[in-house]
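Notes follow the structure.
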Amino acid sequence: MATGIVIAQTTVDGEHRAEELARGAVEGRLAACAHVDGPLTAVYRWQGSVETATEWRVSFKTTRDRLPALGAWIEREHGYEVPEWIVVAVEGGSDAYLAWVAEESSPA
């Protein structure tokens, strides 16, 4: 059963920057909440070379309806040339929690 709730994730190169993105999205009602995980070790191919970096992951809990606005905001605010942007549908969970995410992600 689809819920209309999603978890959108990105990574950044600093804890402070991750916290700024998390707070900005919640303050802007683009997400009900955001979790910051890290530090993480990222190994990736970039411009023909294999790179290693330390990153922090930000996971935003929001609604599918708010996703375009959140994605556009992340694109403007992020700082990476090609930011990670992955969205995972939430297929179930606590009715009370899912209702809270929907309410707190709605524009004021």
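How things are named: the first chain in the structure tokens is A, the next is B, and so on; residues count from 1 in each chain; ligands count from 1 in the order shown.
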
Using only C-alpha atoms, which protein or nucleic acid residues come within 12 Å of Trp46 in chain A? Drop anything in the same chain fewer than 5 positions from it, and give the result as a list of chain:residue names.
A:Glu51, A:Thr52, A:Ala53, A:Glu81, A:Val82

File of the preceding selection, all heavy atoms, as an mmCIF file, in the first residue's frame:
```cif
data_model
loop_
_atom_site.group_PDB
_atom_site.id
_atom_site.type_symbol
_atom_site.label_atom_id
_atom_site.label_comp_id
_atom_site.auth_asym_id
_atom_site.auth_seq_id
_atom_site.Cartn_x
_atom_site.Cartn_y
_atom_site.Cartn_z
ATOM 1 N N GLU A 51 37.822 8.173 -6.756
ATOM 2 C CA GLU A 51 38.040 9.125 -5.661
ATOM 3 C C GLU A 51 37.531 8.541 -4.349
ATOM 4 O O GLU A 51 36.648 7.679 -4.350
ATOM 5 C CB GLU A 51 37.285 10.431 -5.938
ATOM 6 C CG GLU A 51 37.612 11.082 -7.253
ATOM 7 C CD GLU A 51 38.956 11.773 -7.251
ATOM 8 O OE1 GLU A 51 39.476 12.091 -6.157
ATOM 9 O OE2 GLU A 51 39.493 11.994 -8.350
ATOM 10 N N THR A 52 38.063 9.033 -3.261
ATOM 11 C CA THR A 52 37.588 8.692 -1.920
ATOM 12 C C THR A 52 37.381 10.006 -1.168
ATOM 13 O O THR A 52 38.225 10.899 -1.229
ATOM 14 C CB THR A 52 38.604 7.822 -1.168
ATOM 15 O OG1 THR A 52 38.837 6.637 -1.928
ATOM 16 C CG2 THR A 52 38.087 7.425 0.206
ATOM 17 N N ALA A 53 36.245 10.115 -0.480
ATOM 18 C CA ALA A 53 35.945 11.338 0.256
ATOM 19 C C ALA A 53 35.160 10.993 1.517
ATOM 20 O O ALA A 53 34.522 9.936 1.602
ATOM 21 C CB ALA A 53 35.141 12.293 -0.607
ATOM 22 N N GLU A 81 28.667 19.790 -7.984
ATOM 23 C CA GLU A 81 28.335 19.903 -9.399
ATOM 24 C C GLU A 81 27.223 18.918 -9.770
ATOM 25 O O GLU A 81 26.304 19.245 -10.521
ATOM 26 C CB GLU A 81 29.581 19.623 -10.249
ATOM 27 C CG GLU A 81 29.376 19.853 -11.715
ATOM 28 C CD GLU A 81 30.647 19.647 -12.518
ATOM 29 O OE1 GLU A 81 31.758 19.750 -11.956
ATOM 30 O OE2 GLU A 81 30.525 19.352 -13.713
ATOM 31 N N VAL A 82 27.302 17.694 -9.240
ATOM 32 C CA VAL A 82 26.282 16.667 -9.463
ATOM 33 C C VAL A 82 25.915 16.079 -8.094
ATOM 34 O O VAL A 82 26.494 15.087 -7.658
ATOM 35 C CB VAL A 82 26.792 15.548 -10.403
ATOM 36 C CG1 VAL A 82 25.704 14.505 -10.636
ATOM 37 C CG2 VAL A 82 27.272 16.114 -11.729
#
```

Which residues are close to Tyr44 in chain A, i.e. within 12 Å by only C-alpha atoms, leaving aside same-chain residues fewer than 3 positions away? Reply as number ranges by chain.
A: 41, 47-55, 84

Applying 10 Å and only C-alpha atoms, which residues near Ala25 in chain A remain after dropping the ones on its own chain fewer than 2 positions away? List them as number ranges by chain.
A: 19-23, 27-34, 60-62, 69-70, 73-74, 105

Please extract the residues of chain A with a backbone DSSP assignment of helix (DSSP H, G or I) and present them as a ChimeraX atom specification.
/A:15-27,64-77,95-105

Can I get the selection written as a compact mmCIF listing (two decimals), in the first residue's frame, with N, CA, C and O atoms?
```txt
# COMPACT_ATOMS: atom_id res chain seq x y z
N GLU A 15 29.82 18.13 7.97
CA GLU A 15 28.72 17.97 8.94
C GLU A 15 27.92 19.25 9.07
O GLU A 15 26.68 19.23 9.09
N HIS A 16 28.60 20.39 9.15
CA HIS A 16 27.89 21.67 9.29
C HIS A 16 26.98 21.92 8.09
O HIS A 16 25.84 22.34 8.24
N ARG A 17 27.48 21.63 6.89
CA ARG A 17 26.67 21.82 5.68
C ARG A 17 25.47 20.89 5.69
O ARG A 17 24.36 21.29 5.30
N ALA A 18 25.67 19.65 6.12
CA ALA A 18 24.56 18.69 6.22
C ALA A 18 23.49 19.21 7.18
O ALA A 18 22.29 19.15 6.89
N GLU A 19 23.92 19.74 8.32
CA GLU A 19 22.96 20.27 9.29
C GLU A 19 22.23 21.49 8.76
O GLU A 19 21.04 21.67 9.01
N GLU A 20 22.94 22.34 7.98
CA GLU A 20 22.29 23.50 7.36
C GLU A 20 21.20 23.06 6.38
O GLU A 20 20.10 23.64 6.37
N LEU A 21 21.49 22.05 5.56
CA LEU A 21 20.48 21.56 4.62
C LEU A 21 19.30 20.95 5.35
O LEU A 21 18.15 21.18 4.99
N ALA A 22 19.58 20.16 6.38
CA ALA A 22 18.51 19.53 7.16
C ALA A 22 17.61 20.60 7.78
O ALA A 22 16.39 20.56 7.65
N ARG A 23 18.21 21.56 8.46
CA ARG A 23 17.44 22.61 9.12
C ARG A 23 16.68 23.47 8.12
O ARG A 23 15.50 23.79 8.31
N GLY A 24 17.32 23.83 7.01
CA GLY A 24 16.67 24.67 6.02
C GLY A 24 15.44 24.02 5.40
O GLY A 24 14.42 24.67 5.21
N ALA A 25 15.54 22.73 5.14
CA ALA A 25 14.40 22.01 4.55
C ALA A 25 13.23 21.91 5.54
O ALA A 25 12.07 22.08 5.15
N VAL A 26 13.55 21.68 6.80
CA VAL A 26 12.49 21.58 7.81
C VAL A 26 11.89 22.97 8.08
O VAL A 26 10.67 23.12 8.13
N GLU A 27 12.75 23.97 8.22
CA GLU A 27 12.23 25.33 8.44
C GLU A 27 11.37 25.80 7.28
O GLU A 27 10.38 26.49 7.48
N ARG A 64 5.38 13.01 -1.41
CA ARG A 64 5.63 13.01 -2.86
C ARG A 64 5.25 14.37 -3.46
O ARG A 64 5.92 14.86 -4.36
N ASP A 65 4.21 15.01 -2.94
CA ASP A 65 3.79 16.32 -3.45
C ASP A 65 4.84 17.40 -3.22
O ASP A 65 4.97 18.33 -4.01
N ARG A 66 5.58 17.32 -2.11
CA ARG A 66 6.58 18.34 -1.78
C ARG A 66 7.94 18.04 -2.41
O ARG A 66 8.85 18.87 -2.39
N LEU A 67 8.08 16.85 -2.99
CA LEU A 67 9.36 16.42 -3.55
C LEU A 67 9.92 17.36 -4.63
O LEU A 67 11.10 17.69 -4.60
N PRO A 68 9.11 17.82 -5.60
CA PRO A 68 9.67 18.73 -6.60
C PRO A 68 10.26 20.01 -5.99
O PRO A 68 11.34 20.46 -6.38
N ALA A 69 9.57 20.59 -5.02
CA ALA A 69 10.06 21.81 -4.38
C ALA A 69 11.33 21.52 -3.58
O ALA A 69 12.29 22.29 -3.61
N LEU A 70 11.35 20.40 -2.87
CA LEU A 70 12.54 20.02 -2.10
C LEU A 70 13.71 19.76 -3.04
O LEU A 70 14.83 20.24 -2.80
N GLY A 71 13.48 19.04 -4.13
CA GLY A 71 14.54 18.75 -5.08
C GLY A 71 15.11 20.02 -5.71
O GLY A 71 16.33 20.16 -5.86
N ALA A 72 14.25 20.96 -6.07
CA ALA A 72 14.71 22.22 -6.65
C ALA A 72 15.50 23.02 -5.62
O ALA A 72 16.54 23.63 -5.95
N TRP A 73 15.07 23.01 -4.38
CA TRP A 73 15.77 23.73 -3.31
C TRP A 73 17.16 23.12 -3.08
O TRP A 73 18.14 23.84 -2.96
N ILE A 74 17.22 21.79 -3.04
CA ILE A 74 18.52 21.11 -2.87
C ILE A 74 19.45 21.46 -4.03
O ILE A 74 20.63 21.75 -3.82
N GLU A 75 18.93 21.45 -5.24
CA GLU A 75 19.77 21.77 -6.40
C GLU A 75 20.36 23.17 -6.28
O GLU A 75 21.52 23.39 -6.60
N ARG A 76 19.57 24.13 -5.78
CA ARG A 76 20.07 25.51 -5.60
C ARG A 76 21.06 25.63 -4.45
O ARG A 76 22.02 26.38 -4.51
N GLU A 77 20.81 24.90 -3.36
CA GLU A 77 21.56 25.10 -2.12
C GLU A 77 22.75 24.17 -1.93
O GLU A 77 23.57 24.40 -1.06
N ASP A 95 0.74 4.72 11.17
CA ASP A 95 -0.23 5.68 10.64
C ASP A 95 -0.03 7.06 11.26
O ASP A 95 -0.09 8.07 10.57
N ALA A 96 0.22 7.10 12.57
CA ALA A 96 0.40 8.39 13.25
C ALA A 96 1.65 9.10 12.74
O ALA A 96 1.63 10.32 12.49
N TYR A 97 2.75 8.37 12.56
CA TYR A 97 3.98 8.99 12.06
C TYR A 97 3.81 9.48 10.64
O TYR A 97 4.21 10.60 10.30
N LEU A 98 3.22 8.68 9.77
CA LEU A 98 3.03 9.07 8.38
C LEU A 98 2.12 10.29 8.27
O LEU A 98 2.37 11.18 7.45
N ALA A 99 1.10 10.37 9.11
CA ALA A 99 0.22 11.54 9.12
C ALA A 99 0.99 12.77 9.59
O ALA A 99 0.80 13.87 9.05
N TRP A 100 1.87 12.59 10.58
CA TRP A 100 2.69 13.70 11.06
C TRP A 100 3.61 14.21 9.95
O TRP A 100 3.73 15.42 9.75
N VAL A 101 4.25 13.31 9.20
CA VAL A 101 5.13 13.72 8.10
C VAL A 101 4.32 14.52 7.09
O VAL A 101 4.76 15.59 6.63
N ALA A 102 3.14 14.05 6.73
CA ALA A 102 2.30 14.75 5.76
C ALA A 102 1.92 16.14 6.26
O ALA A 102 2.01 17.13 5.53
N GLU A 103 1.52 16.22 7.52
CA GLU A 103 1.12 17.51 8.08
C GLU A 103 2.27 18.50 8.15
O GLU A 103 2.14 19.66 7.77
N GLU A 104 3.42 18.05 8.62
CA GLU A 104 4.55 18.95 8.83
C GLU A 104 5.29 19.29 7.55
O GLU A 104 6.09 20.23 7.53
N SER A 105 5.02 18.57 6.46
CA SER A 105 5.63 18.88 5.17
C SER A 105 4.76 19.81 4.34
O SER A 105 5.20 20.30 3.31
```

Among the residues A:Arg57, A:Pro39, A:Ala108, A:Thr63, the one that comes closest to Trp85 in chain A [using only C-alpha atoms]:
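Smallest separation from Trp85 in chain A among the options: A:Arg57.
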
So what do you get for CA of Gly93 in chain A versus CA of Leu40 in chain A, distance-wise?
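Answer for the CA of Gly93 in chain A to CA of Leu40 in chain A separation: 26.8 Å.
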